[in-house]
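J.: Just one file: start_4.tsv, with TSV, C-alpha atoms and all ligand atoms.
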```
chain	number	residue	atom	x	y	z
A	1	MET	CA	-83.14	8.86	-74.75
A	2	ASP	CA	-79.86	7.16	-73.97
A	3	LYS	CA	-77.73	9.16	-71.58
A	4	ASP	CA	-74.58	7.44	-72.78
A	5	PHE	CA	-74.34	8.75	-76.32
A	6	GLN	CA	-70.91	10.17	-77.04
A	7	GLY	CA	-71.05	13.53	-78.72
A	8	LYS	CA	-74.09	12.88	-80.85
A	9	GLN	CA	-77.66	12.09	-79.99
A	10	ASN	CA	-80.59	10.27	-81.39
A	11	ILE	CA	-82.14	12.97	-83.47
A	12	VAL	CA	-85.71	13.52	-82.39
A	13	GLN	CA	-87.61	16.70	-82.27
A	14	SER	CA	-90.51	16.84	-79.86
A	15	VAL	CA	-93.33	14.62	-81.02
A	16	PHE	CA	-95.92	15.78	-78.52
A	17	ASN	CA	-98.14	17.51	-81.02
A	18	HIS	CA	-99.18	14.43	-82.98
A	19	GLN	CA	-102.84	13.55	-83.00
A	20	ALA	CA	-102.13	10.00	-84.16
A	21	ILE	CA	-99.08	7.75	-84.17
A	22	GLY	CA	-98.75	4.85	-86.58
A	23	PHE	CA	-96.31	1.98	-86.22
A	24	ASP	CA	-94.67	-0.60	-88.40
A	25	VAL	CA	-94.53	-4.05	-86.73
A	26	ASP	CA	-91.39	-5.97	-87.74
A	27	HIS	CA	-88.18	-4.40	-86.40
A	28	CYS	CA	-90.26	-1.59	-84.92
A	29	LEU	CA	-93.01	-2.57	-82.47
A	30	VAL	CA	-91.50	-6.06	-82.57
A	31	ARG	CA	-87.79	-6.03	-81.85
A	32	TYR	CA	-85.93	-9.06	-83.15
A	33	LYS	CA	-82.74	-10.68	-81.97
A	34	VAL	CA	-81.03	-9.83	-85.24
A	35	LYS	CA	-78.15	-12.29	-85.01
A	36	ALA	CA	-80.41	-15.28	-84.42
A	37	LEU	CA	-82.94	-14.04	-86.99
A	38	THR	CA	-80.25	-13.62	-89.67
A	39	LYS	CA	-79.06	-17.19	-89.12
A	40	LEU	CA	-82.63	-18.47	-89.27
A	41	CYS	CA	-83.40	-16.54	-92.49
A	42	TYR	CA	-80.17	-17.75	-94.09
A	43	ASN	CA	-80.92	-21.36	-93.18
A	44	VAL	CA	-84.56	-21.51	-94.23
A	45	ILE	CA	-84.03	-19.72	-97.55
A	46	CYS	CA	-80.94	-21.78	-98.41
A	47	GLN	CA	-82.71	-25.01	-97.49
A	48	ALA	CA	-85.54	-24.11	-99.89
A	49	ILE	CA	-83.02	-23.31	-102.64
A	50	ILE	CA	-81.07	-26.52	-102.02
A	51	ASP	CA	-84.26	-28.59	-102.24
A	52	LYS	CA	-85.60	-26.89	-105.35
A	53	TYR	CA	-82.44	-26.25	-107.38
A	54	ASN	CA	-80.22	-29.14	-106.28
A	55	TYR	CA	-77.42	-27.22	-104.64
A	56	PRO	CA	-75.27	-29.25	-102.21
A	57	ALA	CA	-76.04	-29.06	-98.49
A	58	THR	CA	-72.64	-27.40	-97.97
A	59	ILE	CA	-74.33	-24.11	-98.99
A	60	LEU	CA	-75.66	-24.11	-95.42
A	61	ASP	CA	-72.12	-24.06	-94.00
A	62	LEU	CA	-71.18	-20.57	-92.97
A	63	THR	CA	-68.62	-19.44	-90.42
A	64	GLU	CA	-69.70	-17.11	-87.62
A	65	GLY	CA	-67.63	-14.37	-89.28
A	66	GLU	CA	-69.32	-14.85	-92.67
A	67	TYR	CA	-72.72	-13.96	-91.19
A	68	GLY	CA	-71.22	-10.49	-90.75
A	69	PHE	CA	-71.55	-10.05	-94.51
A	70	ALA	CA	-75.31	-9.59	-94.01
A	71	LEU	CA	-75.37	-5.84	-93.36
A	72	ASN	CA	-78.56	-3.82	-93.73
A	73	TYR	CA	-79.03	-1.78	-96.95
A	74	LEU	CA	-76.42	-3.35	-99.19
A	75	VAL	CA	-76.90	-2.95	-102.94
A	76	ILE	CA	-76.48	-5.76	-105.49
A	77	HIS	CA	-75.34	-4.71	-108.97
A	78	ILE	CA	-76.87	-7.75	-110.56
A	79	ASP	CA	-75.35	-7.65	-114.05
A	80	ARG	CA	-71.87	-7.72	-112.59
A	81	GLY	CA	-72.53	-9.87	-109.52
A	82	ILE	CA	-71.13	-7.14	-107.26
A	83	ILE	CA	-72.38	-6.37	-103.74
A	84	MET	CA	-71.64	-2.95	-102.34
A	85	ARG	CA	-72.19	-0.35	-99.64
A	86	ILE	CA	-73.05	3.19	-100.63
A	87	ALA	CA	-72.14	6.40	-98.84
A	88	GLU	CA	-73.67	9.87	-99.21
A	89	ASN	CA	-73.24	11.29	-102.73
A	90	LYS	CA	-73.79	7.67	-103.85
A	91	GLU	CA	-70.12	6.92	-103.51
A	92	ILE	CA	-69.23	3.23	-103.29
A	93	VAL	CA	-67.44	2.51	-100.02
A	94	ARG	CA	-66.57	-1.16	-100.47
A	95	CYS	CA	-67.58	-3.88	-102.91
A	96	TYR	CA	-67.35	-7.66	-103.18
A	97	ARG	CA	-67.91	-10.47	-105.64
A	98	GLY	CA	-68.63	-13.59	-103.64
A	99	PHE	CA	-66.70	-12.96	-100.43
A	100	THR	CA	-63.74	-11.50	-102.34
A	101	GLU	CA	-63.24	-7.76	-101.93
A	102	LEU	CA	-62.73	-5.83	-105.17
A	103	ASP	CA	-60.98	-2.52	-105.70
A	104	VAL	CA	-63.76	0.06	-106.08
A	105	GLU	CA	-61.85	2.34	-108.44
A	106	THR	CA	-60.80	-0.52	-110.71
A	107	GLU	CA	-64.45	-1.57	-111.00
A	108	TYR	CA	-66.21	1.82	-111.08
A	109	GLY	CA	-63.53	4.39	-111.89
A	110	PRO	CA	-62.04	7.19	-109.78
A	111	THR	CA	-65.42	8.85	-109.07
A	112	ARG	CA	-66.51	5.63	-107.30
A	113	VAL	CA	-70.09	6.46	-108.22
A	114	LEU	CA	-72.85	4.10	-109.34
A	115	PRO	CA	-74.41	5.46	-112.55
A	116	ASP	CA	-78.20	5.86	-112.80
A	117	PHE	CA	-78.83	4.98	-109.17
A	118	ASP	CA	-81.50	7.14	-107.55
A	119	PRO	CA	-83.65	5.27	-105.03
A	120	THR	CA	-85.25	8.51	-103.83
A	121	SER	CA	-86.94	9.20	-107.17
A	122	SER	CA	-89.43	6.35	-107.25
A	123	ILE	CA	-90.97	3.67	-105.05
A	124	LYS	CA	-90.15	1.18	-107.81
A	125	GLN	CA	-86.85	-0.67	-107.42
A	126	ASN	CA	-84.33	-0.15	-110.19
A	127	PRO	CA	-84.02	-3.75	-111.51
A	128	LEU	CA	-80.27	-3.27	-112.10
A	129	TYR	CA	-79.46	-2.33	-108.52
A	130	ILE	CA	-81.26	-4.28	-105.86
A	131	VAL	CA	-81.39	-2.56	-102.49
A	132	CYS	CA	-81.66	-5.10	-99.66
A	133	SER	CA	-83.29	-3.14	-96.86
A	134	THR	CA	-84.13	-4.29	-93.33
A	135	TYR	CA	-82.96	-7.24	-91.30
A	136	PHE	CA	-85.05	-9.67	-93.29
A	137	GLU	CA	-83.56	-8.80	-96.68
A	138	ASN	CA	-80.02	-8.52	-95.32
A	139	VAL	CA	-79.51	-12.22	-96.02
A	140	ILE	CA	-80.11	-11.75	-99.76
A	141	PRO	CA	-76.60	-10.37	-100.45
A	142	LEU	CA	-75.13	-12.99	-98.12
A	143	ILE	CA	-76.79	-15.85	-100.00
A	144	PHE	CA	-75.94	-14.15	-103.31
A	145	ALA	CA	-72.26	-14.08	-102.28
A	146	LYS	CA	-72.33	-17.70	-101.14
A	147	LEU	CA	-73.95	-18.99	-104.35
A	148	THR	CA	-71.66	-16.83	-106.52
A	149	GLN	CA	-68.62	-18.21	-104.72
A	150	TYR	CA	-69.92	-21.77	-105.07
A	151	LYS	CA	-70.56	-21.43	-108.82
A	152	CYS	CA	-67.20	-19.74	-109.44
A	153	GLU	CA	-65.46	-22.61	-107.64
A	154	GLN	CA	-67.42	-25.16	-109.68
A	155	LEU	CA	-66.42	-23.48	-112.95
A	156	ASN	CA	-62.93	-22.61	-111.75
A	157	THR	CA	-63.37	-18.93	-112.58
A	158	ILE	CA	-63.38	-15.60	-110.73
A	159	GLN	CA	-66.55	-14.28	-112.33
A	160	LEU	CA	-69.67	-15.57	-114.03
A	161	GLU	CA	-71.63	-14.56	-117.11
A	162	SER	CA	-74.15	-11.80	-116.39
A	163	ASN	CA	-77.17	-14.07	-116.91
A	164	GLU	CA	-75.81	-16.47	-114.25
A	165	TYR	CA	-76.11	-13.73	-111.63
A	166	HIS	CA	-79.72	-13.15	-112.65
A	167	VAL	CA	-80.42	-16.88	-112.28
A	168	ILE	CA	-78.88	-16.88	-108.80
A	169	PHE	CA	-80.91	-13.84	-107.80
A	170	SER	CA	-84.19	-15.32	-109.05
A	171	GLN	CA	-83.48	-18.53	-107.12
A	172	ILE	CA	-82.99	-16.51	-103.93
A	173	ILE	CA	-86.28	-14.66	-104.51
A	174	GLU	CA	-88.01	-18.01	-104.98
A	175	GLY	CA	-86.47	-19.23	-101.71
A	176	LEU	CA	-87.76	-16.09	-100.00
A	177	LYS	CA	-91.28	-16.54	-101.33
A	178	MET	CA	-91.30	-20.20	-100.29
A	179	ASN	CA	-90.76	-19.05	-96.72
A	180	TYR	CA	-92.46	-15.68	-96.33
A	181	GLN	CA	-95.20	-15.25	-98.92
A	182	HIS	CA	-97.86	-17.48	-97.40
A	183	PHE	CA	-100.56	-16.40	-99.79
A	184	ASP	CA	-101.30	-16.45	-103.51
A	185	GLN	CA	-104.12	-14.84	-105.49
A	186	HIS	CA	-106.60	-17.48	-104.31
A	187	LYS	CA	-105.83	-18.22	-100.69
A	188	VAL	CA	-103.96	-17.23	-97.54
A	189	PHE	CA	-102.27	-20.33	-96.08
A	190	PRO	CA	-101.93	-20.95	-92.33
A	191	ILE	CA	-98.38	-19.99	-91.42
A	192	ASN	CA	-97.52	-23.26	-89.71
A	193	GLN	CA	-98.24	-25.06	-92.98
A	194	TYR	CA	-96.08	-22.78	-95.07
A	195	GLY	CA	-92.29	-22.99	-95.43
A	196	ARG	CA	-89.91	-23.22	-92.48
A	197	PHE	CA	-89.57	-19.62	-91.30
A	198	PHE	CA	-92.90	-19.03	-89.53
A	199	LYS	CA	-92.82	-22.45	-87.92
A	200	GLN	CA	-89.41	-21.80	-86.34
A	201	ILE	CA	-90.47	-18.39	-85.03
A	202	GLY	CA	-93.72	-19.83	-83.66
A	203	GLU	CA	-91.97	-22.74	-81.92
A	204	ASN	CA	-89.20	-20.64	-80.35
A	205	PRO	CA	-90.35	-17.01	-80.17
A	206	GLY	CA	-87.96	-16.19	-77.32
A	207	LEU	CA	-84.98	-17.13	-79.49
A	208	TYR	CA	-85.88	-14.49	-82.06
A	209	MET	CA	-87.76	-11.66	-80.33
A	210	PHE	CA	-87.51	-9.44	-77.26
A	211	LYS	CA	-90.43	-8.87	-74.90
A	212	GLN	CA	-91.51	-5.23	-75.16
A	213	ASN	CA	-92.69	-4.58	-71.62
A	214	GLN	CA	-91.15	-1.10	-71.45
A	215	PHE	CA	-92.62	0.14	-74.69
A	216	ARG	CA	-95.97	-1.32	-73.76
A	217	THR	CA	-96.03	1.13	-70.86
A	218	THR	CA	-95.19	3.97	-73.27
A	219	LEU	CA	-98.08	2.91	-75.52
A	220	GLU	CA	-100.43	2.83	-72.53
A	221	ASN	CA	-99.32	6.34	-71.56
A	222	LEU	CA	-99.84	7.63	-75.08
A	223	LYS	CA	-103.27	6.07	-75.20
A	224	SER	CA	-104.25	7.62	-71.88
A	225	GLN	CA	-103.24	11.02	-73.31
A	226	GLY	CA	-105.84	10.51	-76.05
A	227	LYS	CA	-103.45	9.75	-78.90
A	228	VAL	CA	-104.85	7.58	-81.67
A	229	LEU	CA	-102.50	4.61	-82.11
A	230	PHE	CA	-102.51	2.45	-85.20
A	231	ILE	CA	-100.50	-0.13	-87.13
A	232	VAL	CA	-99.67	-0.47	-90.80
A	233	THR	CA	-97.79	-3.72	-91.47
A	234	ASN	CA	-96.98	-5.52	-94.69
A	235	SER	CA	-97.31	-8.84	-92.83
A	236	HIS	CA	-100.57	-10.70	-92.83
A	237	VAL	CA	-102.74	-11.04	-89.76
A	238	GLU	CA	-101.60	-14.41	-88.39
A	239	PHE	CA	-97.89	-13.63	-88.27
A	240	MET	CA	-98.56	-10.16	-86.87
A	241	ASN	CA	-100.68	-11.69	-84.12
A	242	LEU	CA	-97.96	-14.21	-83.30
A	243	THR	CA	-95.19	-11.62	-82.98
A	244	MET	CA	-97.31	-8.98	-81.23
A	245	THR	CA	-98.71	-11.51	-78.73
A	246	TYR	CA	-95.21	-12.60	-77.79
A	247	SER	CA	-93.92	-9.01	-77.56
A	248	TYR	CA	-96.85	-7.25	-75.85
A	249	GLY	CA	-99.06	-9.99	-74.38
A	250	GLN	CA	-102.39	-11.60	-75.29
A	251	ASP	CA	-104.32	-8.33	-75.04
A	252	TRP	CA	-101.98	-6.36	-77.33
A	253	ILE	CA	-104.79	-5.43	-79.68
A	254	ASN	CA	-106.40	-3.23	-76.99
A	255	LEU	CA	-103.42	-0.87	-77.26
A	256	PHE	CA	-104.39	0.18	-80.79
A	257	ASP	CA	-107.34	1.93	-82.41
A	258	PHE	CA	-107.02	0.25	-85.80
A	259	ILE	CA	-104.70	-1.97	-87.79
A	260	PHE	CA	-103.93	-2.46	-91.46
A	261	VAL	CA	-102.43	-5.84	-92.39
A	262	LYS	CA	-100.89	-6.70	-95.78
A	263	GLY	CA	-100.63	-2.93	-96.05
A	264	GLY	CA	-98.45	-2.95	-99.16
A	265	LYS	CA	-96.18	-0.10	-98.06
A	266	PRO	CA	-94.96	2.13	-99.62
A	267	GLU	CA	-97.97	2.12	-101.98
A	268	PHE	CA	-100.17	2.47	-98.89
A	269	PHE	CA	-98.86	6.03	-98.57
A	270	ASN	CA	-99.09	7.16	-102.16
A	271	ASN	CA	-102.11	5.50	-103.72
A	272	PRO	CA	-105.37	6.97	-102.34
A	273	TYR	CA	-107.38	4.54	-104.49
A	274	LYS	CA	-105.85	1.36	-103.11
A	275	PRO	CA	-108.87	-0.60	-101.81
A	276	THR	CA	-109.46	-1.39	-98.15
A	277	PHE	CA	-111.23	-4.56	-96.99
A	278	LEU	CA	-112.69	-5.63	-93.68
A	279	LEU	CA	-110.84	-8.63	-92.25
A	280	ASP	CA	-113.04	-11.70	-92.73
A	281	ILE	CA	-111.43	-14.93	-91.55
A	282	ASN	CA	-114.09	-16.98	-93.35
A	283	GLN	CA	-112.94	-15.83	-96.77
A	284	PRO	CA	-110.03	-17.63	-98.49
A	285	LEU	CA	-108.15	-14.34	-98.92
A	286	LEU	CA	-109.38	-13.09	-95.50
A	287	LYS	CA	-110.87	-10.10	-97.33
A	288	GLY	CA	-114.41	-9.12	-96.49
A	289	GLN	CA	-116.37	-6.23	-97.89
A	290	VAL	CA	-114.66	-3.19	-99.39
A	291	VAL	CA	-114.93	-0.14	-97.11
A	292	ASN	CA	-114.46	3.56	-97.66
A	293	GLN	CA	-114.07	4.47	-94.02
A	294	LEU	CA	-112.90	3.00	-90.71
A	295	TYR	CA	-115.53	1.77	-88.23
A	296	SER	CA	-115.33	2.08	-84.47
A	297	ASN	CA	-116.50	-1.53	-84.03
A	298	CYS	CA	-113.95	-2.98	-86.43
A	299	LYS	CA	-110.22	-2.87	-85.79
A	300	ILE	CA	-108.44	-4.91	-88.47
A	301	TYR	CA	-108.44	-4.00	-92.15
A	302	VAL	CA	-106.69	-5.70	-95.07
A	303	GLU	CA	-104.58	-3.62	-97.50
A	304	GLY	CA	-105.89	-0.03	-97.51
A	305	ASN	CA	-104.39	3.41	-97.91
A	306	TYR	CA	-103.48	6.52	-95.89
A	307	THR	CA	-106.63	8.52	-96.73
A	308	LEU	CA	-108.78	6.36	-94.44
A	309	VAL	CA	-106.62	7.29	-91.48
A	310	GLU	CA	-106.89	10.99	-92.28
A	311	GLN	CA	-110.64	10.78	-92.83
A	312	TYR	CA	-111.12	8.97	-89.50
A	313	LEU	CA	-109.15	11.63	-87.59
A	314	GLN	CA	-110.96	14.44	-89.36
A	315	GLN	CA	-114.32	13.00	-88.32
A	316	ARG	CA	-113.36	12.12	-84.76
A	317	PHE	CA	-111.64	15.41	-83.89
A	318	SER	CA	-113.42	17.74	-86.35
A	319	SER	CA	-110.03	18.71	-87.70
A	320	LEU	CA	-107.07	16.77	-88.97
A	321	GLY	CA	-103.98	17.09	-86.80
A	322	GLN	CA	-100.43	15.94	-87.40
A	323	ILE	CA	-99.75	12.24	-87.92
A	324	LEU	CA	-96.51	10.42	-87.14
A	325	TYR	CA	-95.41	7.09	-88.58
A	326	ILE	CA	-92.51	5.09	-87.14
A	327	GLY	CA	-90.75	2.21	-88.91
A	328	ASP	CA	-87.37	0.67	-89.62
A	329	HIS	CA	-87.50	0.92	-93.42
A	330	ILE	CA	-85.92	4.34	-93.99
A	331	MET	CA	-87.41	4.63	-97.47
A	332	ASN	CA	-90.71	2.73	-97.47
A	333	ASP	CA	-91.80	3.53	-93.92
A	334	CYS	CA	-90.46	7.04	-93.61
A	335	TYR	CA	-88.95	8.84	-96.60
A	336	PHE	CA	-91.76	8.10	-99.07
A	337	THR	CA	-94.38	8.57	-96.36
A	338	GLN	CA	-93.14	12.11	-95.77
A	339	LYS	CA	-92.78	12.68	-99.51
A	340	PHE	CA	-96.31	11.62	-100.47
A	341	THR	CA	-98.31	12.69	-97.41
A	342	ASN	CA	-98.13	15.41	-94.77
A	343	TRP	CA	-97.18	12.83	-92.17
A	344	ASP	CA	-93.93	12.89	-90.19
A	345	GLY	CA	-91.58	9.90	-90.19
A	346	ILE	CA	-89.21	8.56	-87.56
A	347	ALA	CA	-86.80	5.78	-88.55
A	348	ILE	CA	-85.41	3.07	-86.32
A	349	VAL	CA	-81.73	2.55	-87.13
A	350	GLU	CA	-80.25	-0.07	-84.79
A	351	GLU	CA	-76.73	0.67	-86.02
A	352	LEU	CA	-76.86	3.96	-84.11
A	353	PHE	CA	-75.26	1.96	-81.31
A	354	GLU	CA	-71.98	2.91	-83.02
A	355	GLN	CA	-72.40	6.34	-81.41
A	356	LEU	CA	-72.71	4.96	-77.88
A	357	LYS	CA	-69.73	4.94	-75.56
A	358	PRO	CA	-67.86	1.63	-76.06
A	359	ASP	CA	-68.34	0.46	-72.48
A	360	SER	CA	-71.96	1.54	-72.06
A	361	GLN	CA	-74.45	-1.17	-71.20
A	362	HIS	CA	-76.68	-0.22	-74.14
A	363	ARG	CA	-73.78	-0.61	-76.56
A	364	VAL	CA	-72.70	-3.98	-75.17
A	365	GLU	CA	-76.29	-5.20	-75.44
A	366	ALA	CA	-76.69	-3.80	-78.97
A	367	GLU	CA	-73.45	-5.37	-80.20
A	368	GLN	CA	-74.54	-8.73	-78.83
A	369	ASN	CA	-77.83	-8.46	-80.67
A	370	ILE	CA	-76.71	-7.31	-84.08
A	371	ILE	CA	-74.46	-9.21	-86.49
A	372	SER	CA	-70.77	-8.27	-86.43
A	373	TYR	CA	-70.56	-6.58	-89.82
A	374	ARG	CA	-67.47	-4.44	-89.40
A	375	SER	CA	-64.80	-6.84	-90.69
A	376	TYR	CA	-66.53	-6.86	-94.10
A	377	TRP	CA	-68.07	-3.42	-94.22
A	378	GLY	CA	-66.46	-1.15	-91.63
A	379	ASN	CA	-68.60	1.18	-89.52
A	380	TYR	CA	-72.21	1.56	-90.64
A	381	LEU	CA	-72.84	5.23	-89.93
A	382	GLU	CA	-69.63	6.73	-91.34
A	383	SER	CA	-66.85	5.52	-93.62
A	384	ASN	CA	-63.43	6.88	-94.34
A	385	VAL	CA	-63.04	7.06	-98.12
A	386	ASN	CA	-59.75	8.55	-99.31
A	387	ASN	CA	-59.35	10.42	-96.01
A	388	GLN	CA	-62.84	11.86	-96.21
A	389	MET	CA	-65.50	10.88	-93.67
A	390	LEU	CA	-68.70	10.05	-95.53
A	391	LYS	CA	-72.07	9.25	-93.96
A	392	ASN	CA	-73.89	6.08	-94.93
A	393	TYR	CA	-76.19	6.94	-97.87
A	394	TRP	CA	-79.39	5.75	-96.16
A	395	TYR	CA	-78.54	7.19	-92.77
A	396	SER	CA	-77.78	10.54	-94.39
A	397	ILE	CA	-81.25	10.52	-96.01
A	398	ALA	CA	-82.76	9.75	-92.60
A	399	CYS	CA	-80.81	12.57	-90.91
A	400	LYS	CA	-81.57	15.13	-93.60
A	401	GLU	CA	-85.18	14.35	-94.41
A	402	LEU	CA	-86.94	12.71	-91.49
A	403	LYS	CA	-88.51	13.99	-88.30
A	404	GLY	CA	-86.24	11.71	-86.32
A	405	VAL	CA	-83.90	8.74	-86.16
A	406	VAL	CA	-83.65	6.48	-83.11
A	407	ARG	CA	-81.79	3.28	-82.28
A	408	THR	CA	-84.77	1.38	-80.86
A	409	LEU	CA	-88.34	2.21	-79.92
A	410	ASP	CA	-87.30	2.23	-76.28
A	411	CYS	CA	-85.27	5.39	-77.04
A	412	LEU	CA	-88.69	7.08	-77.39
A	413	GLN	CA	-89.65	6.40	-73.79
A	414	ASN	CA	-88.72	9.82	-72.51
A	415	GLN	CA	-92.01	11.35	-71.39
A	416	SER	CA	-90.93	14.87	-72.32
A	417	LEU	CA	-91.00	13.88	-75.98
A	418	TRP	CA	-94.64	13.05	-75.85
A	419	SER	CA	-96.46	14.85	-73.08
A	501	MG	MG	-90.31	-3.20	-90.43
```
If you took the structure in this file and wrote it as structure tokens, what would it be?

T.:
Amino acid sequence: MDKDFQGKQNIVQSVFNHQAIGFDVDHCLVRYKVKALTKLCYNVICQAIIDKYNYPATILDLTEGEYGFALNYLVIHIDRGIIMRIAENKEIVRCYRGFTELDVETEYGPTRVLPDFDPTSSIKQNPLYIVCSTYFENVIPLIFAKLTQYKCEQLNTIQLESNEYHVIFSQIIEGLKMNYQHFDQHKVFPINQYGRFFKQIGENPGLYMFKQNQFRTTLENLKSQGKVLFIVTNSHVEFMNLTMTYSYGQDWINLFDFIFVKGGKPEFFNNPYKPTFLLDINQPLLKGQVVNQLYSNCKIYVEGNYTLVEQYLQQRFSSLGQILYIGDHIMNDCYFTQKFTNWDGIAIVEELFEQLKPDSQHRVEAEQNIISYRSYWGNYLESNVNNQMLKNYWYSIACKELKGVVRTLDCLQNQSLWS
């Protein structure tokens, strides 16, 4: 763990007793250069929206400072076109319409609380309040603000009709699908023939990802200790192979015992009947035969569910031990995993750099990597609301409920955690 934390620490209990360790890929095994990635996501999604819905090219114009709007885990209150940050107790810390800050108490009353908002109760999103989790979805509120501002300027108004916000949101989702969702119900398309996002990553991987040489060594050590290592990713196989090859080298697959692609988390962890297919690259959907168990001669499975992992461990070791899953999505990788299974969850929260000493090398490096969100949103981990320090809502869930929270995977290098 980092030696240069001030006061607080990454919270990790010993994880040595796990029989198997599962990993998410994006923003976990694969560490992105968040600033560059945010700009890329903004550009490719906006370009798709401009082409399809005839917005002017000026939508692409964003100042360096405006990218700082794209913080992780913002919530969009669609009906009212308001984008907000939530603290523990679901208190609204700050809120905006377009890039204009609004007074929270004028909008939501003195309690500053969002009614009917409980993302811990169900894996289904509340359609009224869209939570934009992870540093892929962080551009959704940014684009939402930009398009809201553009339409308000066009109509010479400070707010739009409710249905206009829904139109804007659906256009953004379409722009997302046109870049990321390279499959439909009939076929999986090669990623270099689909949208702009994958092509840019494939052409310039070093612009968007870090090499993971250090964590590769950790994985090798874990493997040599007899740990079962596996992957559950919502990405499909081609993109996973691209990012993992860049991060861990051509032979990355040898580090893992088995892999689930298009895993459909969080349903992967709560639906024991979700089917599992062998990967078959000759099928249009890359799905081969349905299987009810994992095979030692077959590593990659499509879709699937958690029971196959448990069954495999039970058979191999004659008893099921503890399983750990690590990912950056506090809810879908960790919270719901712990809620629906007996597995432990550790969340990666890059914003933990706020707890590092200001002049430490790790902090300088982290601040260079992540977008500069503080002018719009203040500190991520804690906010001062009416002279009360409140923890970020999502971070407080991670601290209270999960087995651990770390800034990056490399913070889990310390041998004493594992051996
Ligand atoms: Mg992820």

J.: Go through the chains and note each residue within 7 Å of ligand MG 501 (chain A), using all atoms listed in the file, then give the set as a VMD selection string.

T.: chain A and resid 24 to 28 134 327 to 329

J.: Rank nothing, just name the residue among A:Tyr373, A:Tyr67, A:Phe239, A:Tyr301 nearest to Gln181 in chain A, using only C-alpha atoms.

T.: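 Checking each of A:Tyr373, A:Tyr67, A:Phe239, A:Tyr301 against Gln181 in chain A, counting only C-alpha atoms, the winner is A:Phe239.
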
J.: Pick the closest to Tyr53 in chain A from A:Thr38, A:Gln154, A:Ile172, A:Ile76: which is it, counting all atoms listed in the file?

T.: A:Ile172

J.: Give me, please, the distance in Å between CA of Arg407 in chain A and CA of Ile348 in chain A, quoted to one decimal.

T.: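 For CA of Arg407 in chain A relative to CA of Ile348 in chain A, the distance reads 5.4 Å.
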
J.: For Lys151 in chain A, please output as a VMD selection string all residues within 12 Å (counting all atoms listed in the file; exclusion window: fewer than 4 positions along the same chain).

T.: chain A and resid 55 to 56 59 81 97 to 98 144 to 147 155 to 161 164 to 165 167 to 168

J.: Which polymer residues have any atom within 7 Å of an atom of His182 in chain A, counting all atoms listed in the file, with same-chain residues fewer than 4 positions away left out, as a PyMOL selection string?

T.: chain A and resi 188-189+191+194

J.: Which one is closest to Lys287 in chain A: A:Asn17, A:Gln47, A:Gln185, A:Ser121? Count all atoms listed in the file.

T.: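 Looking at the shortest contact to Lys287 in chain A, the residue is A:Gln185.
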
J.: CA of Leu37 in chain A and CA of Cys132 in chain A, how far apart in Å?

T.: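 Computing it gives 15.6 Å between the two atoms.
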
J.: Can you work out the spacing between CA of Trp343 in chain A and CA of Gln355 in chain A in Å, to one decimal?

T.: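 Taking CA of Trp343 in chain A and CA of Gln355 in chain A, their separation equals 27.8 Å.
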
J.: Find, counting only C-alpha atoms, the residue in A:Asn54, A:Thr243, A:Asn234, A:Thr408 that gets nearest to Pro205 in chain A.

T.: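 Between A:Asn54, A:Thr243, A:Asn234, A:Thr408, the residue approaching Pro205 in chain A most closely is A:Thr243.
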
J.: Of the residues A:Arg216, A:His166, A:His18, A:Lys124, which is the one nearest to Leu320 in chain A, using only C-alpha atoms?

T.: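 With only C-alpha atoms as the atom set, the closest residue is A:His18.
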
J.: Which residue, A:Thr218, A:Asn369, A:Val406, A:Leu242, has the smallest gap to Glu203 in chain A when you use all atoms listed in the file?

T.: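 Distance minimum relative to Glu203 in chain A lands on A:Leu242.
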
J.: Neighbours of range 230-232 of chain A within 9 Å (only C-alpha atoms; same-chain residues fewer than 3 positions away dropped), as number ranges by chain?

T.: A: 20-25, 235, 255-265, 268, 303, 309, 325

J.: Counting all atoms listed in the file, what is within 6 Å of Phe277 in chain A, bar same-chain residues fewer than 3 positions away, as a compact mmCIF listing (two decimals) with C-alpha atoms, keeping the file's coordinate frame?

T.:
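Final output, result.txt:
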```txt
# COMPACT_ATOMS: atom_id res chain seq x y z
CA LYS A 287 -110.87 -10.10 -97.33
CA GLY A 288 -114.41 -9.12 -96.49
CA GLN A 289 -116.37 -6.23 -97.89
CA VAL A 290 -114.66 -3.19 -99.39
CA VAL A 291 -114.93 -0.14 -97.11
CA TYR A 301 -108.44 -4.00 -92.15
CA VAL A 302 -106.69 -5.70 -95.07
```
